[in-house]
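Asker: Can you keep this structure in mind? I'll have questions shortly.
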Amino acid sequence: MKILISTDIEGVAGVFHPEQTRAGNTEYERARRLMTDEANAAIAGAFDAGASAVLVNDSHGSFRNLLADRLDARAQVVQGKPRYLSMMTGLEQGVNAVCMIGYHSRAQGRGILAHTINSFAFARVFFNAQELGEAGIYGALAGEYGAPVLMASGDDVFIDEHRALFPHTVFVQTKQAHGQHSGTSLSPLQACSAIRSGVATALAQRPAAPPLVLPGPIAVRIQTTTPAMADLFCQWPSLHRLQGNEVTFEAPTVEAAVRMVNCLSAMSSMLR
């Protein structure tokens with residue numbers, strides 16, 4: 001049994017403020033250690049449940065956050081960008097299931113540090129008329145490769161948003177959101193213990209969780225943060241303007257849609 005663990009930072013216990021998610025300060029250095037500890041807890045849970053191999057995908061920002069020298073030596077780590085499958089790189093190596101650690105709620109939500117892929121560019125993202133956050137988008141990408149999302153951790157808003165989408169997934173709540181930058185968190189030790197147990201429990205019941213499958217073609221609709229962002233995105237000939245801050249395009253598969261959305265995210269840096 002080969003497991004992919006995708007690890008973000010905003011849903012990690014003890015992380016509340018954007019400063020903790022951005023390189024170049026002591027708060028970030030502390031947060032990336034907490035992120036690494038939660039990744040290690042998930043790795044341990046996977047091996048507790050009999051995993052034969054574990055890949056850990058560094059899935060935040062620059063994808064260079066996890067402290068490789070602190071990671072459980074039994075796992076391999078995927079870092080750096082660009083990469084075609086982004087937060088789900090490793091699927092192409094033939095994994096059986098996915099765990100999402102430190103994930104967060106979608107843009108415009110009440111969750112701690114809520115956003116979808118790029119808070120500077122995207123206000124809302126829809127696949128086939130269904131609004132999705134990162135967990136939904138990348139869970140569907142995993143499903144296209146036949147891998148179910150067995151376990152996910154984050155705050156209460158993230159969990160509430162995704163229970164219907166992933167009804168068989170084991171969720172571990174690390175924080176309760178009071179607002180975008182505030183909440184009540186488990187201690188890091190408590191969170192790691194709960195994550196390790198959650199992963200082990202989820203893998204033990206693996207046959208009960210089907211993959212999330214979105215049939216193609218995928219109609220993608222994006223509400224941008226500003227009309228200027230929509231101006232920029234519509235330089236791409238395959239995009240169509242729906243209104244001032246809304247664009248759309250069609251992709252044959254979830255993977256193609258994800259790759260296009262990430263290209264738009266990269267384009268948005270022109271307006272910074």
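Here, A, B, ... name the chains of the structure tokens in the order displayed, residue numbers run from 1 inside each chain, and ligands are numbered from 1 in the same displayed order.
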Using only C-alpha atoms, what table do you get, as JSON lines, when you list each residue of segment 96-182 of chain A with an atom no more than 10 Å from segment 58-67 of chain A, its nearest pair of atoms, and their distance in Å rounded to one decimal, rows by chain then rising number?
Answerer:
{"residue": "A:Met100", "atom": "CA", "partner": "A:Ser59", "partner_atom": "CA", "distance": 9.6}
{"residue": "A:Ile101", "atom": "CA", "partner": "A:Ser59", "partner_atom": "CA", "distance": 9.5}
{"residue": "A:Gly102", "atom": "CA", "partner": "A:Ser59", "partner_atom": "CA", "distance": 9.6}
{"residue": "A:Tyr103", "atom": "CA", "partner": "A:Ser59", "partner_atom": "CA", "distance": 9.5}
{"residue": "A:Ile117", "atom": "CA", "partner": "A:Gly61", "partner_atom": "CA", "distance": 8.8}
{"residue": "A:Asn118", "atom": "CA", "partner": "A:Gly61", "partner_atom": "CA", "distance": 9.0}
Asker: Show me a table, sorted first by chain and then by increasing residue number, of the residues of segment 226-266 of chain A having an atom at most 12 Å from segment 127-130 of chain A, each with its shortest atom pair and the distance in Å to one decimal, counting only C-alpha atoms and written as JSON lines.
Answerer:
{"residue": "A:Thr248", "atom": "CA", "partner": "A:Phe127", "partner_atom": "CA", "distance": 10.0}
{"residue": "A:Phe249", "atom": "CA", "partner": "A:Phe127", "partner_atom": "CA", "distance": 10.1}
{"residue": "A:Glu250", "atom": "CA", "partner": "A:Asn128", "partner_atom": "CA", "distance": 9.3}
{"residue": "A:Ala251", "atom": "CA", "partner": "A:Phe127", "partner_atom": "CA", "distance": 9.9}
{"residue": "A:Pro252", "atom": "CA", "partner": "A:Asn128", "partner_atom": "CA", "distance": 11.7}
{"residue": "A:Thr253", "atom": "CA", "partner": "A:Phe127", "partner_atom": "CA", "distance": 10.6}
{"residue": "A:Val254", "atom": "CA", "partner": "A:Phe127", "partner_atom": "CA", "distance": 8.6}
{"residue": "A:Glu255", "atom": "CA", "partner": "A:Phe127", "partner_atom": "CA", "distance": 11.8}
{"residue": "A:Ala256", "atom": "CA", "partner": "A:Phe127", "partner_atom": "CA", "distance": 11.9}
{"residue": "A:Ala257", "atom": "CA", "partner": "A:Phe127", "partner_atom": "CA", "distance": 8.6}
{"residue": "A:Val258", "atom": "CA", "partner": "A:Phe127", "partner_atom": "CA", "distance": 10.0}
{"residue": "A:Val261", "atom": "CA", "partner": "A:Phe127", "partner_atom": "CA", "distance": 10.9}
Asker: Mind writing the picked residues with N, CA and C atoms as a compact mmCIF listing (two decimals), in the first residue's frame?
Answerer:
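Contents of selection.txt, freshly written:
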# COMPACT_ATOMS: atom_id res chain seq x y z
N THR A 248 -14.23 32.06 -17.83
CA THR A 248 -14.51 30.64 -17.91
C THR A 248 -13.68 29.99 -19.00
N PHE A 249 -13.46 28.69 -18.84
CA PHE A 249 -12.83 27.89 -19.89
C PHE A 249 -13.25 26.44 -19.69
N GLU A 250 -13.03 25.63 -20.70
CA GLU A 250 -13.36 24.20 -20.61
C GLU A 250 -12.09 23.38 -20.77
N ALA A 251 -12.00 22.32 -19.98
CA ALA A 251 -10.85 21.42 -20.02
C ALA A 251 -11.34 19.99 -20.17
N PRO A 252 -10.60 19.14 -20.86
CA PRO A 252 -11.08 17.77 -21.07
C PRO A 252 -11.06 16.90 -19.82
N THR A 253 -10.16 17.21 -18.87
CA THR A 253 -10.00 16.41 -17.67
C THR A 253 -9.75 17.33 -16.47
N VAL A 254 -9.85 16.77 -15.28
CA VAL A 254 -9.51 17.54 -14.08
C VAL A 254 -8.04 17.93 -14.12
N GLU A 255 -7.18 17.02 -14.54
CA GLU A 255 -5.76 17.35 -14.60
C GLU A 255 -5.50 18.54 -15.51
N ALA A 256 -6.13 18.56 -16.67
CA ALA A 256 -5.95 19.69 -17.59
C ALA A 256 -6.49 20.98 -16.96
N ALA A 257 -7.61 20.88 -16.25
CA ALA A 257 -8.18 22.06 -15.58
C ALA A 257 -7.23 22.58 -14.51
N VAL A 258 -6.68 21.68 -13.70
CA VAL A 258 -5.75 22.07 -12.64
C VAL A 258 -4.52 22.74 -13.22
N VAL A 261 -5.51 26.27 -14.30
CA VAL A 261 -5.71 27.16 -13.15
C VAL A 261 -4.36 27.58 -12.56
Asker: With distances taken over only C-alpha atoms, which of A:Val220, A:Val54, A:Ser6, A:Asp156 is nearest to Met260 of chain A?
Answerer: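 Result for the nearest residue to Met260 of chain A: A:Val220.
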Asker: Contacts of His162 of chain A at 10 Å or less, counting only C-alpha atoms, minus same-chain residues fewer than 4 places along, as a PDB file with N, CA and C atoms, in the first residue's frame?
Answerer:
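Output saved as part.pdb:
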ATOM      1  N   SER A 105     -10.106  25.946   4.524  1.00  0.00           N
ATOM      2  CA  SER A 105     -11.352  26.148   3.799  1.00  0.00           C
ATOM      3  C   SER A 105     -11.132  27.031   2.576  1.00  0.00           C
ATOM      4  N   ARG A 106     -12.148  27.047   1.724  1.00  0.00           N
ATOM      5  CA  ARG A 106     -12.025  27.746   0.438  1.00  0.00           C
ATOM      6  C   ARG A 106     -12.162  29.259   0.597  1.00  0.00           C
ATOM      7  N   LEU A 132     -15.426  24.800  -5.427  1.00  0.00           N
ATOM      8  CA  LEU A 132     -14.450  23.938  -4.779  1.00  0.00           C
ATOM      9  C   LEU A 132     -13.315  24.764  -4.198  1.00  0.00           C
ATOM     10  N   GLY A 133     -12.762  24.279  -3.101  1.00  0.00           N
ATOM     11  CA  GLY A 133     -11.514  24.786  -2.568  1.00  0.00           C
ATOM     12  C   GLY A 133     -10.391  23.865  -2.995  1.00  0.00           C
ATOM     13  N   ALA A 135      -8.960  21.400  -1.415  1.00  0.00           N
ATOM     14  CA  ALA A 135      -9.195  19.981  -1.129  1.00  0.00           C
ATOM     15  C   ALA A 135     -10.098  19.354  -2.180  1.00  0.00           C
ATOM     16  N   GLY A 136     -11.141  20.065  -2.590  1.00  0.00           N
ATOM     17  CA  GLY A 136     -12.031  19.533  -3.610  1.00  0.00           C
ATOM     18  C   GLY A 136     -11.365  19.406  -4.960  1.00  0.00           C
ATOM     19  N   ALA A 152      -8.122  13.697   6.227  1.00  0.00           N
ATOM     20  CA  ALA A 152      -7.802  15.115   6.042  1.00  0.00           C
ATOM     21  C   ALA A 152      -7.851  15.820   7.385  1.00  0.00           C
ATOM     22  N   VAL A 157     -14.187  24.713  10.017  1.00  0.00           N
ATOM     23  CA  VAL A 157     -14.856  25.212   8.814  1.00  0.00           C
ATOM     24  C   VAL A 157     -14.436  24.379   7.600  1.00  0.00           C
ATOM     25  N   PHE A 158     -13.157  24.075   7.498  1.00  0.00           N
ATOM     26  CA  PHE A 158     -12.675  23.194   6.432  1.00  0.00           C
ATOM     27  C   PHE A 158     -13.414  21.856   6.461  1.00  0.00           C
ATOM     28  N   PHE A 166     -16.560  14.439   0.682  1.00  0.00           N
ATOM     29  CA  PHE A 166     -15.788  13.245   1.046  1.00  0.00           C
ATOM     30  C   PHE A 166     -16.480  12.531   2.223  1.00  0.00           C
ATOM     31  N   PRO A 167     -17.608  11.886   1.967  1.00  0.00           N
ATOM     32  CA  PRO A 167     -18.399  11.327   3.075  1.00  0.00           C
ATOM     33  C   PRO A 167     -17.729  10.181   3.813  1.00  0.00           C
ATOM     34  N   THR A 169     -14.348  10.005   4.316  1.00  0.00           N
ATOM     35  CA  THR A 169     -13.029  10.435   4.773  1.00  0.00           C
ATOM     36  C   THR A 169     -13.010  10.600   6.296  1.00  0.00           C
ATOM     37  N   PHE A 171     -11.838  12.764   9.181  1.00  0.00           N
ATOM     38  CA  PHE A 171     -11.382  14.136   9.392  1.00  0.00           C
ATOM     39  C   PHE A 171     -10.832  14.305  10.809  1.00  0.00           C
TER      40      PHE A 171
END
Asker: Where does DSSP see strand (DSSP E or B) in segment 36-238 of chain A, if you list the residues as a VMD selection string?
Answerer: chain A and resid 53 to 58 76 to 78 97 to 101 122 to 127 130 to 131 149 to 155 170 to 179 182 to 185 218 to 224
Asker: Asp72 of chain A: which residues within 8 Å, counting only C-alpha atoms, same-chain residues fewer than 5 positions away excluded, as a ChimeraX atom specification?
Answerer: /A:40,43-44
Asker: Provide the atom CA of Glu92 of chain A to atom CA of Glu144 of chain A distance in Å, to one decimal place.
Answerer: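 Atom CA of Glu92 of chain A sits 10.8 Å away from atom CA of Glu144 of chain A.
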Asker: Here is a test: counting only C-alpha atoms, which residue of A:Leu71, A:Asp37, A:Asp155, A:Pro217 is nearest to Ser182 of chain A?
Answerer: A:Asp155
Asker: Just the residues within 7 Å of Asn57 of chain A, please, counting only C-alpha atoms, with nothing from its chain fewer than 2 positions along; format it as a ChimeraX atom specification.
Answerer: /A:5-7,55,59,77-79,87-89
Asker: Using only C-alpha atoms, which protein or nucleic acid residues come within 7 Å of Ala200 of chain A? Drop anything in the same chain fewer than 5 positions from it, and give the result as a ChimeraX atom specification.
Answerer: /A:45-46,48-49
Asker: Store the residues picked out above in a file with N, CA and C atoms, as a PDB file, in the first residue's frame.
Answerer:
ATOM      1  N   GLY A  45       1.468   7.331  11.179  1.00  0.00           N
ATOM      2  CA  GLY A  45       0.169   6.678  11.127  1.00  0.00           C
ATOM      3  C   GLY A  45       0.031   5.764   9.935  1.00  0.00           C
ATOM      4  N   ALA A  46       0.583   6.181   8.789  1.00  0.00           N
ATOM      5  CA  ALA A  46       0.524   5.342   7.590  1.00  0.00           C
ATOM      6  C   ALA A  46       1.297   4.040   7.788  1.00  0.00           C
ATOM      7  N   ASP A  48       2.035   2.719  10.701  1.00  0.00           N
ATOM      8  CA  ASP A  48       1.321   1.959  11.735  1.00  0.00           C
ATOM      9  C   ASP A  48       0.266   1.058  11.105  1.00  0.00           C
ATOM     10  N   ALA A  49      -0.368   1.557  10.025  1.00  0.00           N
ATOM     11  CA  ALA A  49      -1.462   0.829   9.379  1.00  0.00           C
ATOM     12  C   ALA A  49      -0.978  -0.129   8.296  1.00  0.00           C
TER      13      ALA A  49
END
Asker: Which residue out of A:Tyr84, A:Tyr28, A:Phe47, A:Phe16 has the minimum interatomic distance to Thr201 of chain A when only C-alpha atoms are used?
Answerer: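 Checking each of A:Tyr84, A:Tyr28, A:Phe47, A:Phe16 against Thr201 of chain A, counting only C-alpha atoms, the winner is A:Phe47.
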Asker: Name the closest residue to Thr184 of chain A among the candidates A:Ala266, A:Phe120, A:Met151, A:Gly111; distances are taken between atoms, counting only C-alpha atoms.
Answerer: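 Comparing A:Ala266, A:Phe120, A:Met151, A:Gly111 against Thr184 of chain A, the winner is A:Gly111.
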Asker: Nearest to Gly109 of chain A: which of A:Arg163, A:His168, A:His178, A:Arg74 is it, counting only C-alpha atoms?
Answerer: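 Result for the nearest residue to Gly109 of chain A: A:His178.
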Asker: Counting only C-alpha atoms, which of A:Ala202, A:Ala121, A:Ala208, A:Ile218 gets nearest to Leu271 of chain A?
Answerer: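 Closest residue, counting only C-alpha atoms: A:Ala121.
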Asker: Return as a VMD selection string the full set of residues in segment 202-246 of chain A whose backbone-based DSSP assignment is alpha helix (DSSP H).
Answerer: chain A and resid 202 to 204 227 to 233
Asker: So what do you get for atom CA of Thr36 of chain A versus atom CA of Arg70 of chain A, distance-wise?
Answerer: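 Result for atom CA of Thr36 of chain A versus atom CA of Arg70 of chain A: 7.2 Å, one decimal.
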Asker: Find the residues near Ser52 of chain A: any atom within 9 Å, counting only C-alpha atoms, skip ones fewer than 6 places away on the same chain, and give them as a PDB file with N, CA and C atoms, in the first residue's frame.
Answerer:
ATOM      1  N   MET A   1       0.851  -1.186   0.000  1.00  0.00           N
ATOM      2  CA  MET A   1       0.000   0.000   0.000  1.00  0.00           C
ATOM      3  C   MET A   1       0.893   1.245   0.000  1.00  0.00           C
ATOM      4  N   LYS A   2       0.769   2.039  -1.050  1.00  0.00           N
ATOM      5  CA  LYS A   2       1.576   3.255  -1.207  1.00  0.00           C
ATOM      6  C   LYS A   2       0.680   4.469  -0.965  1.00  0.00           C
ATOM      7  N   ILE A   3       1.098   5.359  -0.076  1.00  0.00           N
ATOM      8  CA  ILE A   3       0.283   6.481   0.363  1.00  0.00           C
ATOM      9  C   ILE A   3       0.945   7.806  -0.004  1.00  0.00           C
ATOM     10  N   ALA A  46       0.583   6.181   8.789  1.00  0.00           N
ATOM     11  CA  ALA A  46       0.524   5.342   7.590  1.00  0.00           C
ATOM     12  C   ALA A  46       1.297   4.040   7.788  1.00  0.00           C
TER      13      ALA A  46
END
Asker: Please measure the separation of atom CA of Glu10 of chain A and atom CA of Leu186 of chain A, giving the value in Å to one decimal.
Answerer: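 These atoms are spaced 14.0 Å apart.
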